[in-house]
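Source file: model.txt. Holds: compact mmCIF, C-alpha atoms.
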# COMPACT_ATOMS: atom_id res chain seq x y z
CA MET A 607 0.00 0.00 0.00
CA ALA A 608 2.33 2.74 -1.21
CA GLU A 609 -0.43 5.32 -1.65
CA GLY A 610 -2.54 6.67 1.16
CA LYS A 611 -2.56 9.44 3.67
CA LEU A 612 -1.07 9.39 7.15
CA ILE A 613 -3.68 10.67 9.58
CA ILE A 614 -1.59 9.99 12.66
CA ASP A 615 2.19 9.79 12.51
CA PHE A 616 3.75 9.87 15.94
CA GLU A 617 7.04 8.64 17.28
CA GLY A 618 8.22 9.31 20.83
CA ALA A 619 7.35 8.73 24.44
CA ILE A 620 3.57 8.41 24.68
CA SER A 621 1.81 9.85 27.70
CA PHE A 622 -1.90 9.85 28.42
CA GLU A 623 -1.99 13.54 27.36
CA ILE A 624 -0.37 12.72 24.04
CA MET A 625 -2.90 9.94 23.55
CA GLU A 626 -5.68 12.53 23.98
CA GLN A 627 -4.05 14.75 21.35
CA LEU A 628 -3.66 11.87 18.90
CA LEU A 629 -7.28 10.81 19.36
CA ASN A 630 -8.39 14.39 18.74
CA GLU A 631 -6.30 14.48 15.56
CA LEU A 632 -8.00 11.29 14.45
CA LYS A 633 -11.49 12.61 15.27
CA SER A 634 -10.91 15.75 13.25
CA ALA A 635 -9.60 13.95 10.14
CA LYS A 636 -11.91 14.18 7.14
CA GLN A 637 -11.21 10.58 6.05
CA PHE A 638 -12.25 9.39 9.51
CA ASN A 639 -15.50 11.35 9.63
CA VAL A 640 -16.85 10.02 6.35
CA LEU A 641 -16.80 6.46 7.70
CA ARG A 642 -19.98 4.93 8.99
CA LYS A 643 -20.29 4.90 12.78
CA ALA A 644 -19.32 1.29 13.46
CA VAL A 645 -16.20 1.46 11.29
CA ARG A 646 -15.19 4.79 12.82
CA LYS A 647 -15.41 3.23 16.27
CA ARG A 648 -13.38 0.21 15.13
CA VAL A 649 -10.55 2.48 13.98
CA TYR A 650 -10.82 4.60 17.14
CA GLY A 651 -10.91 1.54 19.40
CA THR A 652 -7.93 -0.04 17.64
CA VAL A 653 -5.88 3.14 18.19
CA VAL A 654 -6.89 3.21 21.88
CA GLU A 655 -6.02 -0.47 22.41
CA SER A 656 -2.73 -0.13 20.50
CA ILE A 657 -1.66 2.79 22.69
CA ASP A 658 -2.81 0.99 25.85
CA ASN A 659 -0.63 -1.89 24.74
CA ILE A 660 2.36 0.45 24.33
CA PHE A 661 1.75 1.77 27.87
CA LYS A 662 1.84 -1.74 29.29
CA TYR A 663 5.15 -2.58 27.66
CA ALA A 664 6.66 0.84 28.38
CA ALA A 665 6.00 0.23 32.07
CA ILE A 666 8.01 -2.98 31.91
CA VAL A 667 10.83 -1.82 29.65
CA GLN A 668 11.47 1.65 31.13
CA GLY A 669 12.72 0.38 34.43
CA LYS A 670 15.21 -1.90 32.73
CA VAL A 671 17.07 0.42 30.36
CA LYS A 672 18.25 3.95 30.87
CA VAL A 673 18.12 5.04 27.27
CA LEU A 674 15.63 3.48 24.94
CA GLN A 675 17.21 2.62 21.65
CA ARG A 676 13.94 2.95 19.79
CA ARG A 677 10.95 4.97 20.80
CA PRO A 678 7.32 3.87 20.56
CA MET A 679 5.37 4.82 17.45
CA ILE A 680 1.76 4.94 16.38
CA LYS A 681 0.56 5.53 12.83
CA VAL A 682 -2.81 5.56 11.17
CA LYS A 683 -2.85 5.42 7.41
CA GLU A 684 -5.89 5.67 5.17
CA ASN A 685 -6.14 4.53 1.60
CA GLU A 686 -9.46 4.47 -0.23
CA GLY A 687 -11.46 3.87 2.93
CA GLU A 688 -9.11 1.21 4.27
CA PHE A 689 -7.35 2.07 7.51
CA VAL A 690 -4.11 0.58 8.77
CA VAL A 691 -3.20 1.19 12.41
CA SER A 692 0.48 0.52 13.10
CA ALA A 693 2.03 0.50 16.54
CA GLY A 694 5.57 -0.19 17.62
CA ASN A 695 7.41 -0.48 20.90
CA LEU A 696 10.36 -2.17 22.53
CA VAL A 697 9.78 -5.45 24.27
CA GLN A 698 12.15 -7.69 26.16
CA ASN A 699 13.33 -10.67 24.16
CA GLU A 700 12.01 -12.99 26.85
CA GLN A 701 8.48 -11.68 26.14
CA ILE A 702 8.58 -12.51 22.44
CA ASP A 703 7.54 -16.15 22.60
CA ASP A 704 4.45 -15.38 24.68
CA LEU A 705 3.48 -12.44 22.49
CA ARG A 706 4.01 -14.39 19.28
CA PHE A 707 1.94 -17.26 20.68
CA LYS A 708 -0.94 -14.91 21.53
CA LEU A 709 -0.85 -13.15 18.16
CA ASN A 710 -0.75 -16.41 16.23
CA ARG A 711 -3.57 -17.75 18.37
CA VAL A 712 -5.95 -14.85 17.69
CA ASN A 713 -4.97 -14.83 14.01
CA GLN A 714 -6.00 -18.47 13.67
CA MET A 715 -9.35 -18.03 15.42
CA ASP A 716 -12.71 -17.31 13.84
CA ASP A 717 -15.16 -14.93 15.53
CA GLU A 718 -16.82 -17.65 17.61
CA ALA A 719 -13.50 -18.88 18.98
CA LEU A 720 -12.41 -15.29 19.66
CA LYS A 721 -15.60 -14.60 21.60
CA SER A 722 -15.13 -17.67 23.73
CA LEU A 723 -11.49 -16.67 24.44
CA TYR A 724 -12.75 -13.16 25.23
CA GLU A 725 -15.13 -14.60 27.82
CA GLU A 726 -12.38 -16.68 29.36
CA VAL A 727 -9.97 -13.72 29.67
CA ILE A 728 -12.51 -11.10 30.81
CA ASN A 729 -13.54 -13.34 33.70
CA LYS A 730 -10.00 -13.67 35.01
CA GLU A 731 -8.97 -11.41 37.87
CA ALA A 732 -6.95 -8.42 36.65
CA SER A 733 -3.89 -9.73 38.47
CA GLU A 734 -4.15 -13.10 36.76
CA GLU A 735 -4.05 -11.67 33.28
CA ASP A 736 -0.60 -11.38 31.74
CA ARG A 737 0.52 -7.87 31.13
CA GLY A 738 -0.27 -6.90 27.58
CA ALA A 739 -1.68 -8.92 24.72
CA GLY A 740 -4.74 -10.01 26.66
CA LEU A 741 -8.22 -8.67 26.23
CA GLY A 742 -7.04 -5.76 24.07
CA LEU A 743 -5.54 -8.06 21.48
CA ILE A 744 -8.67 -10.21 21.33
CA THR A 745 -10.83 -7.08 21.01
CA MET A 746 -8.68 -5.86 18.11
CA ALA A 747 -8.80 -9.25 16.42
CA LEU A 748 -12.61 -9.18 16.67
CA ARG A 749 -12.73 -5.79 14.93
CA THR A 750 -10.60 -6.71 11.92
CA ASN A 751 -11.33 -9.17 9.17
CA GLU A 752 -7.67 -9.63 8.42
CA ASN A 753 -4.82 -11.13 10.38
CA ILE A 754 -2.81 -8.86 12.63
CA ARG A 755 0.59 -8.55 10.92
CA PHE A 756 3.58 -8.31 13.23
CA THR A 757 7.38 -8.30 13.31
CA PHE A 758 10.13 -8.40 15.92
CA ASP A 759 13.37 -6.61 14.98
CA PRO A 760 16.42 -7.11 17.21
CA ALA A 761 17.28 -3.93 19.16
CA GLY A 762 20.27 -4.52 21.37
CA PRO A 763 21.20 -7.56 23.42
CA VAL A 764 17.99 -7.96 25.44
CA HIS A 765 15.33 -6.07 23.48
CA SER A 766 13.45 -6.27 20.23
CA TYR A 767 11.26 -3.74 18.49
CA PHE A 768 7.76 -5.11 18.15
CA THR A 769 5.56 -3.74 15.38
CA MET A 770 1.98 -4.68 14.60
CA HIS A 771 -0.35 -3.58 11.80
CA ILE A 772 -4.12 -3.88 11.98
CA THR A 773 -6.25 -3.28 8.91
CA ILE A 774 -9.82 -2.06 9.18
CA LYS A 775 -12.24 -1.71 6.34
CA ASP A 776 -15.98 -1.72 6.00
CA MET B 1056 -27.71 5.55 51.25
CA GLU B 1057 -26.30 8.62 49.48
CA LYS B 1058 -26.51 8.67 45.73
CA LEU B 1059 -23.30 8.49 43.73
CA ILE B 1060 -22.75 10.95 40.91
CA ILE B 1061 -19.61 11.00 38.78
CA GLU B 1062 -19.43 13.74 36.19
CA PRO B 1063 -18.11 12.81 32.75
CA THR B 1064 -14.78 13.75 31.19
CA ALA B 1065 -13.46 13.21 27.64
CA ASN B 1066 -12.26 9.78 28.70
CA SER B 1067 -14.57 8.71 31.52
CA PRO B 1068 -18.32 8.20 31.66
CA ARG B 1069 -21.06 9.91 33.60
CA ILE B 1070 -22.34 7.65 36.35
CA LEU B 1071 -25.45 8.14 38.44
CA LEU B 1072 -26.47 5.64 41.10
CA ASP B 1073 -29.60 6.95 42.76
CA PRO B 1074 -31.17 4.55 45.28
CA GLU B 1075 -34.05 6.89 46.10
CA GLU B 1076 -35.19 7.11 42.48
CA ARG B 1077 -34.15 3.47 41.98
CA ASN B 1078 -32.23 4.59 38.93
CA PHE B 1079 -28.73 3.67 37.75
CA GLU B 1080 -27.22 5.34 34.67
CA PHE B 1081 -23.94 4.96 32.83
CA SER B 1082 -23.20 7.05 29.75
CA GLY B 1083 -20.37 8.34 27.60
CA GLU B 1084 -16.87 7.16 26.84
CA SER B 1085 -14.82 4.92 29.11
CA ARG B 1086 -11.06 4.73 28.78
CA PRO B 1087 -9.83 6.49 31.95
CA GLU B 1088 -6.10 6.65 32.60
CA ASN B 1089 -6.46 4.42 35.64
CA VAL B 1090 -9.47 2.22 34.99
CA ARG B 1091 -9.28 0.37 38.29
CA LYS B 1092 -9.10 3.59 40.31
CA PHE B 1093 -12.08 4.94 38.39
CA TYR B 1094 -14.38 1.93 38.79
CA LEU B 1095 -13.42 0.79 42.28
CA PRO B 1096 -15.63 3.35 44.13
CA VAL B 1097 -18.53 2.42 41.83
CA LEU B 1098 -18.17 -1.27 42.59
CA GLU B 1099 -17.75 -0.55 46.30
CA TRP B 1100 -20.91 1.57 46.27
CA MET B 1101 -22.82 -1.25 44.59
CA GLU B 1102 -21.50 -3.76 47.08
CA ALA B 1103 -22.65 -1.55 49.98
CA TYR B 1104 -26.04 -1.03 48.30
CA THR B 1105 -26.47 -4.79 47.87
CA ALA B 1106 -25.57 -5.41 51.50
CA GLY B 1107 -28.08 -2.72 52.54
CA VAL B 1108 -30.86 -4.29 50.48
CA GLU B 1109 -29.99 -7.73 51.79
CA GLY B 1110 -30.37 -6.42 55.35
CA LEU B 1111 -33.96 -5.34 54.69
CA GLU B 1112 -37.01 -7.52 55.24
CA GLU B 1113 -38.23 -8.85 51.90
CA ASP B 1114 -41.33 -6.65 51.90
CA GLN B 1115 -39.17 -3.57 52.60
CA ARG B 1116 -36.88 -4.12 49.61
CA PRO B 1117 -37.19 -1.89 46.54
CA SER B 1118 -39.56 -3.35 43.98
CA GLY B 1119 -37.35 -2.71 40.98
CA LEU B 1120 -34.35 -0.89 39.57
CA LYS B 1121 -33.97 0.96 36.29
CA CYS B 1122 -30.49 0.57 34.78
CA MET B 1123 -29.46 2.45 31.66
CA PHE B 1124 -26.21 1.77 29.85
CA ASN B 1125 -25.53 4.32 27.14
CA PHE B 1126 -21.85 3.92 26.34
CA GLU B 1127 -20.42 5.69 23.32
CA TYR B 1128 -17.21 3.67 23.57
CA PHE B 1129 -15.30 1.68 26.18
CA ASN B 1130 -11.87 0.12 25.98
CA SER B 1131 -11.10 -3.50 26.81
CA THR B 1132 -9.83 -2.72 30.31
CA SER B 1133 -13.10 -0.90 31.09
CA ALA B 1134 -15.04 -3.89 29.71
CA LYS B 1135 -13.74 -5.99 32.58
CA TYR B 1136 -15.12 -3.54 35.14
CA ILE B 1137 -18.40 -3.07 33.28
CA LEU B 1138 -18.87 -6.83 33.45
CA ASP B 1139 -18.18 -6.58 37.21
CA ILE B 1140 -20.99 -4.01 37.41
CA PHE B 1141 -23.33 -6.52 35.77
CA LYS B 1142 -22.17 -9.19 38.19
CA SER B 1143 -23.08 -6.81 41.04
CA LEU B 1144 -26.46 -6.24 39.43
CA ASN B 1145 -26.89 -9.97 39.25
CA ALA B 1146 -26.34 -10.16 43.02
CA ILE B 1147 -29.03 -7.49 43.49
CA HIS B 1148 -31.35 -9.40 41.18
CA ALA B 1149 -30.77 -12.54 43.26
CA LEU B 1150 -32.33 -10.70 46.22
CA GLY B 1151 -35.62 -10.57 44.36
CA ILE B 1152 -35.20 -7.07 42.89
CA GLY B 1153 -36.55 -6.79 39.36
CA LEU B 1154 -34.12 -5.14 36.94
CA ASP B 1155 -35.08 -3.12 33.91
CA ILE B 1156 -31.77 -3.01 32.01
CA LYS B 1157 -31.61 -0.91 28.88
CA TRP B 1158 -28.56 -1.16 26.64
CA LEU B 1159 -28.45 1.77 24.23
CA TYR B 1160 -26.48 1.75 21.01
CA GLU B 1161 -26.30 4.07 18.07
CA GLU B 1162 -27.99 2.98 14.91
CA ASP B 1163 -25.35 1.47 12.62
CA ASP B 1164 -23.14 0.51 15.59
CA GLU B 1165 -23.54 -3.26 15.43
CA ASP B 1166 -20.39 -3.77 17.53
CA MET B 1167 -21.91 -1.99 20.55
CA LEU B 1168 -25.09 -4.06 20.16
CA GLU B 1169 -23.01 -7.24 19.99
CA VAL B 1170 -20.97 -6.31 23.08
CA GLY B 1171 -24.25 -5.74 24.93
CA GLN B 1172 -25.47 -9.17 23.90
CA GLU B 1173 -22.21 -10.70 25.14
CA MET B 1174 -22.46 -8.81 28.46
CA SER B 1175 -26.04 -10.02 28.86
CA ARG B 1176 -25.07 -13.61 28.15
CA MET B 1177 -22.03 -13.56 30.46
CA SER B 1178 -23.88 -11.92 33.35
CA LYS B 1179 -27.04 -14.00 32.83
CA LEU B 1180 -29.18 -10.87 32.89
CA GLU B 1181 -31.84 -9.85 30.42
CA PHE B 1182 -31.25 -6.61 28.48
CA GLU B 1183 -33.54 -4.52 26.36
CA TYR B 1184 -31.67 -3.13 23.34
CA ILE B 1185 -32.59 0.35 22.26
CA ILE B 1186 -31.28 2.50 19.41
CA SER B 1187 -30.24 5.80 20.98

Please re-express this file's structure in structure tokens.
Amino acid sequence: MAEGKLIIDFEGAISFEIMEQLLNELKSAKQFNVLRKAVRKRVYGTVVESIDNIFKYAAIVQGKVKVLQRRPMIKVKENEGEFVVSAGNLVQNEQIDDLRFKLNRVNQMDDEALKSLYEEVINKEASEEDRGAGLGLITMALRTNENIRFTFDPAGPVHSYFTMHITIKD
Amino acid sequence: MEKLIIEPTANSPRILLDPEERNFEFSGESRPENVRKFYLPVLEWMEAYTAGVEGLEEDQRPSGLKCMFNFEYFNSTSAKYILDIFKSLNAIHALGIGLDIKWLYEEDDEDMLEVGQEMSRMSKLEFEYIIS
């Protein structure tokens, strides 16, 4: 998808205040406002969940390294009514297997299986749920008809840069 | 018991729990910075309300409760706490209190309708679905 317009293009430390700004940018974009309500909320919700996911990992990674080699990013790109939400953040290498397992699992599930996994995870106590890649990932998988694409790029001895792309179309 | 009113913000819903009017309302957007901190007082209020009702003789208990859920959007972390609210309502229902639960969704927002149906199924409570 070489063509298309970037509606959100942010790289840097993401705070809750920055999240508010980015969501306002999204809400004021013309391409976003022409979508029908349900699709608009899918894009909006995917951006919220992606940023929440970055927060969860940032909380783990920040304490471990003084200088982050690569900063988090969030992008929303629109092309002919199709939206791609991309999010990236550092993760610890030891988290990769679990994250890859969870992503592959939701990618292989149909809606019925996703809903039953959703029910299982939502009924767990908050402390039982693993940090990141829980309910948010399942919710995102339910809102897209395509697989969540993801990569892990090595970033130093103990970290990798995790990127995921979620496509939403009507 | 005092009523609980939480005014809305851009990222948190308006909540009204009014025992005198027997009316509970939730509306707006829910993705507060600290979801647990936001919903904990609500769940504690509901727990205290349930205990209060339980302490009453059966003929003294309120005859019914109106509950309106009019969420514009909620994130997945909020969903966990919203389900906890329904579980609390289920405990109230188990005391013989009739519940009139309305789940509002915007026309064309089939996802919000579907989430309501899931919440109803998981909490074993009957909802009425209304286009807002």

Gap from CA of Lys683 (chain A) to CA of Gly610 (chain A) - Å, one decimal: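 Pair CA of Lys683 (chain A) / CA of Gly610 (chain A) returns 6.4 Å.
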
Pick from B:Leu1138, B:Leu1059, B:Ile1152, B:Cys1122 nearest to chain A, counting all atoms listed in the file: B:Leu1138

From B:Asp1114, B:Glu1161, B:Glu1127, B:Glu1109, residue lying nearest Arg1069 (chain B) [only C-alpha atoms]: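 Of B:Asp1114, B:Glu1161, B:Glu1127, B:Glu1109, the one nearest Arg1069 (chain B) is B:Glu1127, counting only C-alpha atoms.
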
Contact residues (chain B, partner chain A, 12 Å, all atoms listed in the file) as a ChimeraX atom specification: /B:1064-1066,1084-1091,1126-1139,1142,1160-1170,1172-1178

Please put the answer as lines of an AutoDock Vina configuration file: centre and edge lengths, in Å with one decimal, of a box along x, y and z that encloses all listed atoms of region 721-731 of chain A plus 4 Å on each side.
center_x = -12.3
center_y = -14.4
center_z = 29.7
size_x = 14.6
size_y = 14.6
size_z = 24.3

Shell around Gly694 (chain A) at 8 Å using all atoms listed in the file, local window under 3 positions removed, as a list in words: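 In the requested form, the answer reads Ile660, Pro678, Met679, Ile680, Tyr767, Phe768, Thr769 and Met770 of chain A.
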
Can you write just those residues out, C-alpha atoms, as a compact mmCIF listing (two decimals), in the frame of the given file?
# COMPACT_ATOMS: atom_id res chain seq x y z
CA ILE A 660 2.36 0.45 24.33
CA PRO A 678 7.32 3.87 20.56
CA MET A 679 5.37 4.82 17.45
CA ILE A 680 1.76 4.94 16.38
CA TYR A 767 11.26 -3.74 18.49
CA PHE A 768 7.76 -5.11 18.15
CA THR A 769 5.56 -3.74 15.38
CA MET A 770 1.98 -4.68 14.60

Atomic separation - CA of Phe756 (chain A) relative to CA of His771 (chain A), Å: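 Separation between CA of His771 (chain A) and CA of Phe756 (chain A): 6.3 Å.
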
For CA of Met1123 (chain B) and CA of Tyr1104 (chain B), the interatomic separation in Å (one decimal):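 Between CA of Met1123 (chain B) and CA of Tyr1104 (chain B) the gap works out to 17.3 Å.
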
Test item: which residues lie within 12 Å of (-1.1, -17.7, 17.3) counting all atoms listed in the file, as a list of chain:residue names: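 Looking at atoms near the point gives A:Asp703, A:Asp704, A:Leu705, A:Arg706, A:Phe707, A:Lys708, A:Leu709, A:Asn710, A:Arg711, A:Val712, A:Asn713, A:Gln714, A:Met715, A:Leu720, A:Ala739, A:Leu743, A:Ile744, A:Ala747, A:Asn753, A:Ile754, A:Arg755, A:Phe756.
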
Any chance you could export the current selection's C-alpha atoms as a short mmCIF file (atom, residue, chain, number, x, y, z; two decimals), in the coordinates of the input?
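Written output follows (part01.cif):
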data_model
loop_
_atom_site.label_atom_id
_atom_site.label_comp_id
_atom_site.auth_asym_id
_atom_site.auth_seq_id
_atom_site.Cartn_x
_atom_site.Cartn_y
_atom_site.Cartn_z
CA ASP A 703 7.54 -16.15 22.60
CA ASP A 704 4.45 -15.38 24.68
CA LEU A 705 3.48 -12.44 22.49
CA ARG A 706 4.01 -14.39 19.28
CA PHE A 707 1.94 -17.26 20.68
CA LYS A 708 -0.94 -14.91 21.53
CA LEU A 709 -0.85 -13.15 18.16
CA ASN A 710 -0.75 -16.41 16.23
CA ARG A 711 -3.57 -17.75 18.37
CA VAL A 712 -5.95 -14.85 17.69
CA ASN A 713 -4.97 -14.83 14.01
CA GLN A 714 -6.00 -18.47 13.67
CA MET A 715 -9.35 -18.03 15.42
CA LEU A 720 -12.41 -15.29 19.66
CA ALA A 739 -1.68 -8.92 24.72
CA LEU A 743 -5.54 -8.06 21.48
CA ILE A 744 -8.67 -10.21 21.33
CA ALA A 747 -8.80 -9.25 16.42
CA ASN A 753 -4.82 -11.13 10.38
CA ILE A 754 -2.81 -8.86 12.63
CA ARG A 755 0.59 -8.55 10.92
CA PHE A 756 3.58 -8.31 13.23
#
